$ cat protein12.pdb   # PDB, C-alpha atoms
MODEL        1
ATOM      1  CA  MET A 269      32.401 -68.981  21.641
ATOM      2  CA  GLU A 270      29.577 -68.995  24.191
ATOM      3  CA  PRO A 271      30.344 -67.732  27.699
ATOM      4  CA  LEU A 272      30.672 -70.284  30.477
ATOM      5  CA  SER A 273      27.451 -71.139  32.309
ATOM      6  CA  TYR A 274      27.288 -70.768  36.070
ATOM      7  CA  ASN A 275      27.295 -74.533  36.651
ATOM      8  CA  SER A 276      30.385 -75.014  34.532
ATOM      9  CA  MET A 277      32.406 -72.502  36.576
ATOM     10  CA  ASP A 278      34.675 -73.484  39.416
ATOM     11  CA  THR A 279      33.921 -72.097  42.887
ATOM     12  CA  LYS A 280      36.510 -69.344  42.684
ATOM     13  CA  THR A 281      35.131 -68.101  39.372
ATOM     14  CA  GLN A 282      31.576 -68.237  40.711
ATOM     15  CA  ASP A 283      32.532 -66.186  43.776
ATOM     16  CA  SER A 284      34.383 -63.648  41.662
ATOM     17  CA  LEU A 285      31.396 -63.184  39.349
ATOM     18  CA  ILE A 286      28.942 -62.785  42.220
ATOM     19  CA  ILE A 287      31.105 -60.264  44.064
ATOM     20  CA  SER A 288      31.943 -58.202  40.975
ATOM     21  CA  THR A 289      28.277 -58.112  39.923
ATOM     22  CA  ALA A 290      27.142 -56.954  43.347
ATOM     23  CA  ARG A 291      29.771 -54.231  43.412
ATOM     24  CA  ASP A 292      28.729 -53.089  39.937
ATOM     25  CA  VAL A 293      25.091 -52.841  41.022
ATOM     26  CA  LEU A 294      25.984 -50.723  44.053
ATOM     27  CA  ALA A 295      28.261 -48.493  41.989
ATOM     28  CA  ILE A 296      25.612 -47.914  39.304
ATOM     29  CA  GLU A 297      22.833 -47.196  41.782
ATOM     30  CA  ALA A 298      25.037 -44.879  43.844
ATOM     31  CA  GLU A 299      26.008 -43.006  40.676
ATOM     32  CA  GLN A 300      22.386 -42.603  39.593
ATOM     33  CA  ILE A 301      21.365 -41.280  43.024
ATOM     34  CA  LEU A 302      24.183 -38.738  42.996
ATOM     35  CA  LEU A 303      23.053 -37.527  39.564
ATOM     36  CA  GLN A 304      19.769 -36.467  41.157
ATOM     37  CA  LYS A 305      21.475 -33.882  43.373
ATOM     38  CA  GLU A 306      21.717 -31.419  40.519
ATOM     39  CA  LYS A 307      17.970 -31.721  39.870
ATOM     40  CA  ILE A 308      16.993 -30.646  43.374
ATOM     41  CA  GLY A 309      15.832 -27.062  43.116
ATOM     42  CA  GLU A 310      12.796 -24.808  43.179
ATOM     43  CA  THR A 311      10.331 -27.484  42.058
ATOM     44  CA  PHE A 312      11.452 -29.799  44.839
ATOM     45  CA  ALA A 313      11.079 -26.988  47.363
ATOM     46  CA  ASN A 314       7.579 -26.255  46.077
ATOM     47  CA  VAL A 315       6.635 -29.914  46.455
ATOM     48  CA  VAL A 316       7.771 -29.968  50.080
ATOM     49  CA  LYS A 317       5.878 -26.749  50.798
ATOM     50  CA  ALA A 318       2.766 -28.176  49.149
ATOM     51  CA  ILE A 319       2.972 -31.170  51.477
ATOM     52  CA  LEU A 320       3.461 -28.944  54.514
ATOM     53  CA  ASP A 321       0.538 -26.708  53.488
ATOM     54  CA  CYS A 322      -1.782 -29.610  52.662
ATOM     55  CA  LYS A 323      -5.056 -29.404  54.640
ATOM     56  CA  GLY A 324      -5.963 -32.989  53.827
ATOM     57  CA  LYS A 325      -3.954 -36.153  53.291
ATOM     58  CA  LEU A 326      -1.063 -36.968  50.996
ATOM     59  CA  ILE A 327      -2.194 -39.842  48.773
ATOM     60  CA  ILE A 328       0.528 -41.748  46.934
ATOM     61  CA  SER A 329      -0.091 -44.096  44.015
ATOM     62  CA  GLY A 330       2.030 -46.134  41.661
ATOM     63  CA  MET A 331       1.759 -49.406  39.774
ATOM     64  CA  GLY A 332       3.995 -52.438  40.260
ATOM     65  CA  LYS A 333       7.386 -51.693  41.712
ATOM     66  CA  SER A 334       6.625 -47.964  41.713
ATOM     67  CA  GLY A 335       3.701 -48.825  43.960
ATOM     68  CA  ILE A 336       6.008 -50.636  46.373
ATOM     69  CA  ILE A 337       8.187 -47.521  46.530
ATOM     70  CA  GLY A 338       5.048 -45.442  47.075
ATOM     71  CA  LYS A 339       4.075 -47.576  50.064
ATOM     72  CA  LYS A 340       7.455 -47.008  51.640
ATOM     73  CA  ILE A 341       7.329 -43.249  51.070
ATOM     74  CA  ALA A 342       3.834 -43.101  52.600
ATOM     75  CA  ALA A 343       5.033 -45.084  55.614
ATOM     76  CA  THR A 344       8.045 -42.818  56.143
ATOM     77  CA  LEU A 345       5.983 -39.637  55.897
ATOM     78  CA  SER A 346       3.437 -41.062  58.320
ATOM     79  CA  SER A 347       6.277 -41.581  60.805
ATOM     80  CA  TYR A 348       6.868 -37.841  60.637
ATOM     81  CA  SER A 349       3.180 -37.085  61.354
ATOM     82  CA  ILE A 350       2.387 -36.281  57.704
ATOM     83  CA  GLN A 351      -0.977 -37.971  57.108
ATOM     84  CA  SER A 352      -0.244 -40.155  54.122
ATOM     85  CA  PHE A 353      -1.376 -43.438  52.647
ATOM     86  CA  TYR A 354      -0.867 -45.554  49.549
ATOM     87  CA  LEU A 355      -3.721 -45.970  47.065
ATOM     88  CA  HIS A 356      -3.491 -48.819  44.564
ATOM     89  CA  PRO A 357      -4.314 -47.317  41.136
ATOM     90  CA  ALA A 358      -6.337 -50.308  39.898
ATOM     91  CA  GLU A 359      -8.371 -50.453  43.117
ATOM     92  CA  ALA A 360      -8.809 -46.680  42.949
ATOM     93  CA  TYR A 361     -10.291 -46.949  39.470
ATOM     94  CA  HIS A 362     -12.797 -49.481  40.754
ATOM     95  CA  GLY A 363     -14.194 -47.566  43.725
ATOM     96  CA  ASP A 364     -11.396 -46.566  46.091
ATOM     97  CA  LEU A 365     -11.322 -43.032  44.671
ATOM     98  CA  GLY A 366     -14.085 -42.436  47.198
ATOM     99  CA  MET A 367     -11.296 -42.148  49.780
ATOM    100  CA  VAL A 368      -9.910 -39.042  48.072
ATOM    101  CA  GLY A 369     -11.063 -35.696  49.441
ATOM    102  CA  GLU A 370     -10.966 -32.288  47.764
ATOM    103  CA  LYS A 371      -8.196 -31.072  50.091
ATOM    104  CA  ASP A 372      -5.965 -34.089  49.509
ATOM    105  CA  LEU A 373      -2.630 -33.843  47.750
ATOM    106  CA  ILE A 374      -1.749 -36.496  45.166
ATOM    107  CA  LEU A 375       1.688 -37.958  44.447
ATOM    108  CA  LEU A 376       1.858 -40.249  41.401
ATOM    109  CA  ILE A 377       4.931 -42.363  40.625
ATOM    110  CA  SER A 378       5.693 -43.764  37.170
ATOM    111  CA  ASN A 379       9.129 -44.102  35.643
ATOM    112  CA  SER A 380       7.775 -44.004  32.086
ATOM    113  CA  GLY A 381       5.052 -41.494  32.861
ATOM    114  CA  GLU A 382       2.750 -43.484  30.599
ATOM    115  CA  THR A 383       1.434 -46.121  33.014
ATOM    116  CA  ASP A 384      -2.146 -46.675  31.923
ATOM    117  CA  GLU A 385      -3.562 -47.353  35.405
ATOM    118  CA  ILE A 386      -2.092 -44.067  36.635
ATOM    119  CA  LEU A 387      -3.184 -41.956  33.682
ATOM    120  CA  LYS A 388      -6.785 -43.139  34.038
ATOM    121  CA  LEU A 389      -6.953 -41.482  37.467
ATOM    122  CA  ILE A 390      -5.867 -38.010  36.357
ATOM    123  CA  PRO A 391      -9.283 -36.837  35.030
ATOM    124  CA  PHE A 392     -10.815 -37.562  38.437
ATOM    125  CA  PHE A 393      -8.099 -35.632  40.285
ATOM    126  CA  GLN A 394      -8.480 -32.706  37.932
ATOM    127  CA  HIS A 395     -12.263 -32.679  38.345
ATOM    128  CA  ASN A 396     -11.797 -32.979  42.124
ATOM    129  CA  LYS A 397      -9.376 -30.018  42.027
ATOM    130  CA  ASN A 398      -6.592 -31.993  43.691
ATOM    131  CA  THR A 399      -3.025 -30.757  43.318
ATOM    132  CA  VAL A 400      -1.048 -33.478  41.523
ATOM    133  CA  ILE A 401       2.664 -34.122  41.995
ATOM    134  CA  SER A 402       4.405 -36.585  39.729
ATOM    135  CA  MET A 403       7.688 -38.456  40.061
ATOM    136  CA  THR A 404       8.718 -39.668  36.630
ATOM    137  CA  GLY A 405      11.742 -40.421  34.516
ATOM    138  CA  ASN A 406      10.149 -38.731  31.509
ATOM    139  CA  VAL A 407       9.400 -35.035  31.962
ATOM    140  CA  LEU A 408       7.663 -34.943  28.541
ATOM    141  CA  SER A 409       5.298 -37.789  29.402
ATOM    142  CA  SER A 410       1.519 -37.623  29.694
ATOM    143  CA  LEU A 411       1.835 -37.825  33.476
ATOM    144  CA  ALA A 412       4.266 -34.918  33.658
ATOM    145  CA  VAL A 413       2.208 -32.732  31.334
ATOM    146  CA  ASN A 414      -0.894 -33.247  33.465
ATOM    147  CA  SER A 415       0.796 -32.610  36.837
ATOM    148  CA  ASP A 416       1.043 -29.389  38.824
ATOM    149  CA  TYR A 417       4.576 -30.294  39.914
ATOM    150  CA  THR A 418       6.924 -32.764  38.241
ATOM    151  CA  LEU A 419       9.993 -34.238  39.913
ATOM    152  CA  ASP A 420      12.440 -35.565  37.329
ATOM    153  CA  ILE A 421      13.782 -38.913  38.574
ATOM    154  CA  GLY A 422      15.204 -39.957  35.225
ATOM    155  CA  ILE A 423      18.342 -42.076  35.081
ATOM    156  CA  ASN A 424      20.732 -42.966  32.275
ATOM    157  CA  LYS A 425      21.403 -46.567  33.275
ATOM    158  CA  GLU A 426      19.682 -49.388  35.152
ATOM    159  CA  ALA A 427      21.719 -51.784  37.271
ATOM    160  CA  CYS A 428      20.007 -54.643  35.445
ATOM    161  CA  PRO A 429      22.439 -55.775  32.692
ATOM    162  CA  LEU A 430      19.486 -56.253  30.322
ATOM    163  CA  GLN A 431      18.298 -52.689  31.086
ATOM    164  CA  LEU A 432      14.828 -54.119  31.661
ATOM    165  CA  ALA A 433      14.120 -54.710  35.367
ATOM    166  CA  PRO A 434      13.604 -51.516  37.399
ATOM    167  CA  THR A 435      16.660 -51.377  39.660
ATOM    168  CA  ALA A 436      18.476 -48.049  39.734
ATOM    169  CA  SER A 437      15.242 -46.265  38.801
ATOM    170  CA  THR A 438      13.352 -47.603  41.820
ATOM    171  CA  THR A 439      16.322 -46.879  44.078
ATOM    172  CA  VAL A 440      16.344 -43.280  42.868
ATOM    173  CA  ALA A 441      12.585 -42.962  43.427
ATOM    174  CA  LEU A 442      13.034 -44.273  46.961
ATOM    175  CA  ALA A 443      15.887 -41.850  47.633
ATOM    176  CA  ILE A 444      13.882 -38.867  46.376
ATOM    177  CA  GLY A 445      11.006 -40.014  48.575
ATOM    178  CA  ASP A 446      13.334 -40.043  51.563
ATOM    179  CA  ALA A 447      14.595 -36.577  50.617
ATOM    180  CA  ILE A 448      10.995 -35.325  50.593
ATOM    181  CA  ALA A 449      10.239 -36.964  53.939
ATOM    182  CA  VAL A 450      13.329 -35.692  55.728
ATOM    183  CA  SER A 451      12.908 -32.193  54.299
ATOM    184  CA  THR A 452       9.303 -32.019  55.550
ATOM    185  CA  MET A 453      10.410 -33.363  58.926
ATOM    186  CA  LYS A 454      13.079 -30.686  59.310
ATOM    187  CA  ILE A 455      10.839 -27.805  58.291
ATOM    188  CA  LYS A 456       7.965 -29.156  60.379
ATOM    189  CA  GLY A 457      10.286 -29.401  63.372
ATOM    190  CA  VAL A 458       9.453 -32.999  64.250
ATOM    191  CA  LYS A 459      11.080 -33.998  67.545
ATOM    192  CA  GLU A 460      11.964 -37.396  68.970
ATOM    193  CA  GLU A 461       8.894 -37.469  71.179
ATOM    194  CA  LEU A 462       6.494 -37.016  68.258
ATOM    195  CA  PHE A 463       8.309 -39.644  66.200
ATOM    196  CA  ALA A 464       8.134 -42.057  69.130
ATOM    197  CA  GLN A 465       4.361 -41.681  69.405
ATOM    198  CA  PHE A 466       4.047 -43.475  66.077
ATOM    199  CA  HIS A 467       6.619 -46.151  67.059
ATOM    200  CA  PRO A 468       5.483 -47.256  70.524
ATOM    201  CA  GLY A 469       6.611 -50.825  69.952
ATOM    202  CA  GLY A 470      10.147 -50.017  68.822
ATOM    203  CA  SER A 471      13.322 -49.273  70.744
ATOM    204  CA  LEU A 472      12.930 -45.520  70.345
ATOM    205  CA  GLY A 473       9.308 -45.586  71.443
ATOM    206  CA  ARG A 474      10.177 -47.694  74.447
ATOM    207  CA  LYS A 475      12.829 -45.271  75.623
ATOM    208  CA  LEU A 476      10.968 -42.049  74.936
ATOM    209  CA  LEU A 477       7.496 -43.020  76.077
ATOM    210  CA  GLN A 478       8.255 -45.358  78.955
ATOM    211  CA  LYS A 479       9.324 -44.328  82.416
ATOM    212  CA  VAL A 480      11.898 -45.866  84.722
ATOM    213  CA  LYS A 481       9.074 -47.451  86.735
ATOM    214  CA  ASP A 482       8.016 -49.408  83.642
ATOM    215  CA  GLN A 483      11.354 -51.207  83.338
ATOM    216  CA  MET A 484      12.844 -51.288  86.833
ATOM    217  CA  VAL A 485      13.384 -54.466  88.844
ATOM    218  CA  LYS A 486      11.148 -54.248  91.900
ATOM    219  CA  GLY A 487       9.626 -56.131  94.803
ATOM    220  CA  GLU A 488      11.132 -59.490  95.721
ATOM    221  CA  ASN A 489      13.498 -59.285  92.761
ATOM    222  CA  ILE A 490      15.583 -56.551  94.419
ATOM    223  CA  PRO A 491      18.606 -58.076  96.228
ATOM    224  CA  PHE A 492      18.915 -56.415  99.649
ATOM    225  CA  VAL A 493      21.451 -56.732 102.465
ATOM    226  CA  SER A 494      21.816 -54.818 105.707
ATOM    227  CA  PRO A 495      24.925 -52.771 106.585
ATOM    228  CA  ASN A 496      26.002 -55.506 109.035
ATOM    229  CA  THR A 497      25.774 -58.386 106.544
ATOM    230  CA  ASN A 498      29.103 -60.221 106.420
ATOM    231  CA  ALA A 499      31.202 -60.467 103.278
ATOM    232  CA  ILE A 500      30.342 -64.097 102.458
ATOM    233  CA  ASP A 501      26.572 -63.530 102.743
ATOM    234  CA  THR A 502      26.892 -60.360 100.688
ATOM    235  CA  ILE A 503      28.618 -62.301  97.906
ATOM    236  CA  HIS A 504      25.869 -64.940  98.018
ATOM    237  CA  ALA A 505      23.224 -62.204  97.825
ATOM    238  CA  ILE A 506      24.860 -60.743  94.710
ATOM    239  CA  SER A 507      24.975 -64.175  93.106
ATOM    240  CA  ASP A 508      21.383 -65.039  94.012
ATOM    241  CA  GLY A 509      20.045 -61.637  92.962
ATOM    242  CA  ARG A 510      21.566 -61.866  89.470
ATOM    243  CA  GLN A 511      21.765 -58.089  89.125
ATOM    244  CA  GLY A 512      25.533 -57.777  89.542
ATOM    245  CA  MET A 513      24.931 -55.868  92.769
ATOM    246  CA  VAL A 514      23.036 -55.709  96.048
ATOM    247  CA  VAL A 515      21.400 -52.711  97.678
ATOM    248  CA  VAL A 516      22.424 -51.921 101.248
ATOM    249  CA  THR A 517      19.495 -50.595 103.307
ATOM    250  CA  ASP A 518      18.038 -50.571 106.794
ATOM    251  CA  LYS A 519      14.752 -52.291 107.663
ATOM    252  CA  SER A 520      12.738 -49.368 106.272
ATOM    253  CA  LYS A 521      14.540 -49.772 102.908
ATOM    254  CA  LYS A 522      16.343 -46.444 103.255
ATOM    255  CA  LEU A 523      19.366 -46.437 100.932
ATOM    256  CA  PHE A 524      22.821 -46.656 102.517
ATOM    257  CA  GLY A 525      24.820 -47.811  99.515
ATOM    258  CA  ILE A 526      25.350 -50.595  96.998
ATOM    259  CA  VAL A 527      27.843 -53.426  96.652
ATOM    260  CA  THR A 528      28.803 -54.430  93.119
ATOM    261  CA  ASP A 529      31.026 -57.151  91.718
ATOM    262  CA  GLY A 530      33.646 -54.442  91.279
ATOM    263  CA  ASP A 531      33.468 -53.466  94.957
ATOM    264  CA  ILE A 532      34.083 -57.104  95.914
ATOM    265  CA  ARG A 533      37.124 -57.398  93.642
ATOM    266  CA  ARG A 534      38.637 -54.133  94.824
ATOM    267  CA  SER A 535      38.092 -54.976  98.488
ATOM    268  CA  THR A 536      39.669 -58.422  98.214
ATOM    269  CA  LEU A 537      42.765 -56.848  96.671
ATOM    270  CA  VAL A 538      43.068 -54.204  99.400
ATOM    271  CA  GLU A 539      42.039 -56.231 102.434
ATOM    272  CA  GLU A 540      43.298 -59.627 101.250
ATOM    273  CA  GLU A 541      43.068 -61.991 104.251
ATOM    274  CA  ASN A 542      40.924 -59.597 106.325
ATOM    275  CA  PHE A 543      38.184 -59.297 103.704
ATOM    276  CA  ILE A 544      36.191 -62.203 105.106
ATOM    277  CA  ASN A 545      35.787 -60.296 108.384
ATOM    278  CA  LEU A 546      34.319 -57.183 106.778
ATOM    279  CA  THR A 547      30.646 -56.205 106.645
ATOM    280  CA  ALA A 548      28.774 -54.724 103.702
ATOM    281  CA  SER A 549      28.979 -51.211 105.161
ATOM    282  CA  GLN A 550      32.773 -51.382 105.064
ATOM    283  CA  PHE A 551      33.194 -52.038 101.352
ATOM    284  CA  MET A 552      29.984 -50.717  99.832
ATOM    285  CA  THR A 553      29.814 -47.746  97.463
ATOM    286  CA  LYS A 554      28.283 -44.920  99.460
ATOM    287  CA  ASN A 555      25.965 -42.372  97.849
ATOM    288  CA  PRO A 556      25.391 -44.370  94.645
ATOM    289  CA  VAL A 557      23.798 -42.730  91.617
ATOM    290  CA  THR A 558      20.020 -42.800  91.883
ATOM    291  CA  VAL A 559      17.013 -41.970  89.742
ATOM    292  CA  ARG A 560      13.317 -41.297  90.338
ATOM    293  CA  ALA A 561      10.666 -43.683  89.087
ATOM    294  CA  ASP A 562       8.894 -41.106  86.902
ATOM    295  CA  VAL A 563      12.017 -40.169  84.878
ATOM    296  CA  ARG A 564      11.982 -41.059  81.186
ATOM    297  CA  LEU A 565      13.739 -44.315  80.374
ATOM    298  CA  LEU A 566      15.739 -42.468  77.699
ATOM    299  CA  ASP A 567      17.105 -39.967  80.233
ATOM    300  CA  ALA A 568      17.956 -42.696  82.718
ATOM    301  CA  GLU A 569      19.872 -44.708  80.139
ATOM    302  CA  GLN A 570      21.625 -41.552  78.961
ATOM    303  CA  LYS A 571      22.748 -41.033  82.544
ATOM    304  CA  MET A 572      24.165 -44.557  82.678
ATOM    305  CA  ASP A 573      25.932 -44.019  79.351
ATOM    306  CA  ASP A 574      27.451 -40.735  80.516
ATOM    307  CA  LEU A 575      28.692 -42.209  83.795
ATOM    308  CA  SER A 576      29.650 -45.617  82.364
ATOM    309  CA  ILE A 577      27.631 -47.456  84.993
ATOM    310  CA  HIS A 578      25.373 -50.471  84.657
ATOM    311  CA  GLN A 579      22.658 -49.917  87.242
ATOM    312  CA  LEU A 580      20.692 -47.107  88.815
ATOM    313  CA  VAL A 581      18.979 -47.380  92.169
ATOM    314  CA  VAL A 582      15.412 -46.109  91.963
ATOM    315  CA  VAL A 583      14.380 -44.120  95.052
ATOM    316  CA  ASP A 584      11.538 -41.885  96.192
ATOM    317  CA  GLU A 585      11.808 -38.413  97.738
ATOM    318  CA  SER A 586      12.710 -39.895 101.151
ATOM    319  CA  ASN A 587      15.546 -42.000  99.632
ATOM    320  CA  LYS A 588      13.583 -45.216 100.085
ATOM    321  CA  VAL A 589      14.557 -47.865  97.538
ATOM    322  CA  LEU A 590      11.799 -48.666  95.026
ATOM    323  CA  GLY A 591      13.772 -50.685  92.513
ATOM    324  CA  ILE A 592      16.848 -51.154  90.353
ATOM    325  CA  LEU A 593      17.130 -50.085  86.732
ATOM    326  CA  PRO A 594      19.619 -52.357  84.941
ATOM    327  CA  TYR A 595      21.442 -51.178  81.869
ATOM    328  CA  ARG A 596      19.806 -52.916  78.935
ATOM    329  CA  THR A 597      20.393 -51.151  75.610
ATOM    330  CA  SER A 598      22.698 -48.267  74.829
ATOM    331  CA  ILE A 599      20.896 -45.170  73.569
ATOM    332  CA  LYS A 600      23.364 -45.232  70.707
ATOM    333  CA  SER A 601      21.219 -48.015  69.220
ATOM    334  CA  LEU A 602      18.009 -45.986  69.220
ATOM    335  CA  ASN A 603      17.479 -46.306  65.489
ATOM    336  CA  LYS A 604      17.715 -50.062  65.371
TER     337      LYS A 604
ENDMDL
END

$ encode --input "protein12.pdb" --output "structure tokens"
Amino acid sequence: MEPLSYNSMDTKTQDSLIISTARDVLAIEAEQILLQKEKIGETFANVVKAILDCKGKLIISGMGKSGIIGKKIAATLSSYSIQSFYLHPAEAYHGDLGMVGEKDLILLISNSGETDEILKLIPFFQHNKNTVISMTGNVLSSLAVNSDYTLDIGINKEACPLQLAPTASTTVALAIGDAIAVSTMKIKGVKEELFAQFHPGGSLGRKLLQKVKDQMVKGENIPFVSPNTNAIDTIHAISDGRQGMVVVTDKSKKLFGIVTDGDIRRSTLVEEENFINLTASQFMTKNPVTVRADVRLLDAEQKMDDLSIHQLVVVDESNKVLGILPYRTSIKSLNK
């Protein structure tokens, strides 16, 4: 009896099949990654040291899906200031080998270890005296035999039910690539600042490279009131300013305090009917937390996180108000 086709299944059966298949894939791939732990040893350490000692570039090559994994590994290593790029094996064979220098280190990825486009490149690397690292699922393959270092990424089961499409094998290759990248990063001592230099457009780069002055609200966008401003006008100023607060200053913009939505609520509860007769100086927060304009955005947002506040008043050395730094993104989301 032939199994039911997808279209002949009811919705509940369809959902059950999809969910169970997805869970099986994750279980198989997780199992195959964990099997690699026992293979991490002296050869892996030597590979990492070879990358750290490399006087040239790390050039990564692979065909098909192995090539896609190679691109990702090269990109990750580049983020950690390891000069690395992906070289397509077919393009390399037709002229791009001119990009390979004598001091470059080569990483070749092939699950079978018999990929023709990869094997054709080996004579050039040997003649060029390049050190060759291979990542392969067959340690007896032609690729492994002709490599200086071989990382065994062999698996015993693909997630593909036909055991044809590279699934668990590419996941394992990616995981080993990440292990190489993170290991080099740790030994190299890469810090946040260096990582951020290569990610200036991302959240981390923004926080580490930018200063408070780059993100603060300034000029006419700062809501100001004087100490003698009455309660109603102060509330209007908070509403019009759309910062959840107003800054209380004198005519020279010297900081006296701030009034927040919270100050208004607390004062109305305490003063009740008399609140309308108060001035800003009577219910403002005195000596609010401040920050200088040249402080790193990361440090300023860390300060707001630590104190559970939503704004910082930006002042100069004479306590003159230069701007307001609103709380935008928690530093806990740096890696997004």

$ residues_around --input "protein12.pdb" --residues "range 353-359 of chain A" --least-positions-apart "2" --cutoff "10 Å" --atoms "only C-alpha atoms" --output "MDAnalysis selection string"
chainID A and resid 325:332 335:343 345:346 350:351 361:365 367:368 374:376 384:389

$ residues_around --input "protein12.pdb" --residues "Thr344 in chain A" --least-positions-apart "5" --cutoff "9 Å" --atoms "all atoms listed in the file" --output "PyMOL selection string"
chain A and resi 339+350+352+445-446+449-450

$ closest_residue --input "protein12.pdb" --among "A:Ile401, A:Val493, A:Ala499, A:Ala561" --to "Lys522 in chain A" --atoms "all atoms listed in the file"
A:Val493

$ residues_near_point --input "protein12.pdb" --point "(10.4, -26.2, 58.4)" --cutoff "12 Å" --atoms "all atoms listed in the file" --output "list of chain:residue names"
A:Ala313, A:Val316, A:Lys317, A:Ile319, A:Leu320, A:Asp321, A:Ala449, A:Val450, A:Ser451, A:Thr452, A:Met453, A:Lys454, A:Ile455, A:Lys456, A:Gly457, A:Val458

$ residues_around --input "protein12.pdb" --residues "Pro491 in chain A" --least-positions-apart "4" --cutoff "7 Å" --atoms "only C-alpha atoms" --output "number ranges by chain"
A: 505-506, 509, 514-515

$ resolve_selection --input "protein12.pdb" --expression "the PyMOL selection byres ((chain A and resi 300-310) around 9)" --output "list of chain:residue names"
A:Ala295, A:Ile296, A:Glu297, A:Ala298, A:Glu299, A:Thr311, A:Phe312, A:Ala313, A:Asn314, A:Val315, A:Leu419, A:Asp420, A:Ile421, A:Gly422, A:Ile423, A:Asn424, A:Lys425, A:Glu426, A:Ala436, A:Ser437, A:Thr439, A:Val440, A:Ala441, A:Ala443, A:Ile444

$ write_last_selection --input "protein12.pdb" --atoms "C-alpha atoms" --output "short mmCIF file (atom, residue, chain, number, x, y, z; two decimals), in the coordinates of the input"
data_model
loop_
_atom_site.label_atom_id
_atom_site.label_comp_id
_atom_site.auth_asym_id
_atom_site.auth_seq_id
_atom_site.Cartn_x
_atom_site.Cartn_y
_atom_site.Cartn_z
CA ALA A 295 28.26 -48.49 41.99
CA ILE A 296 25.61 -47.91 39.30
CA GLU A 297 22.83 -47.20 41.78
CA ALA A 298 25.04 -44.88 43.84
CA GLU A 299 26.01 -43.01 40.68
CA THR A 311 10.33 -27.48 42.06
CA PHE A 312 11.45 -29.80 44.84
CA ALA A 313 11.08 -26.99 47.36
CA ASN A 314 7.58 -26.26 46.08
CA VAL A 315 6.64 -29.91 46.46
CA LEU A 419 9.99 -34.24 39.91
CA ASP A 420 12.44 -35.56 37.33
CA ILE A 421 13.78 -38.91 38.57
CA GLY A 422 15.20 -39.96 35.22
CA ILE A 423 18.34 -42.08 35.08
CA ASN A 424 20.73 -42.97 32.28
CA LYS A 425 21.40 -46.57 33.28
CA GLU A 426 19.68 -49.39 35.15
CA ALA A 436 18.48 -48.05 39.73
CA SER A 437 15.24 -46.26 38.80
CA THR A 439 16.32 -46.88 44.08
CA VAL A 440 16.34 -43.28 42.87
CA ALA A 441 12.58 -42.96 43.43
CA ALA A 443 15.89 -41.85 47.63
CA ILE A 444 13.88 -38.87 46.38
#

$ resolve_selection --input "protein12.pdb" --expression "the PyMOL selection byres ((chain A and resi 587) around 12)" --output "ChimeraX atom specification"
/A:517-518,520-525,555-561,581-586,588-591

$ residues_around --input "protein12.pdb" --residues "Ile544 in chain A" --least-positions-apart "2" --cutoff "8 Å" --atoms "only C-alpha atoms" --output "ChimeraX atom specification"
/A:498-500,541-542,546

$ write_last_selection --input "protein12.pdb" --atoms "C-alpha atoms" --output "PDB file, in the coordinates of the input"
ATOM      1  CA  ASN A 498      29.103 -60.221 106.420  1.00  0.00           C
ATOM      2  CA  ALA A 499      31.202 -60.467 103.278  1.00  0.00           C
ATOM      3  CA  ILE A 500      30.342 -64.097 102.458  1.00  0.00           C
ATOM      4  CA  GLU A 541      43.068 -61.991 104.251  1.00  0.00           C
ATOM      5  CA  ASN A 542      40.924 -59.597 106.325  1.00  0.00           C
ATOM      6  CA  LEU A 546      34.319 -57.183 106.778  1.00  0.00           C
TER       7      LEU A 546
END

$ atom_distance --input "protein12.pdb" --atom1 "CA of Cys322 in chain A" --atom2 "CA of Asn396 in chain A"
14.9 Å

$ resolve_selection --input "protein12.pdb" --expression "the PyMOL selection byres ((chain A and resi 512) around 7)" --output "PyMOL selection string"
chain A and resi 506+510-511+513+528-529
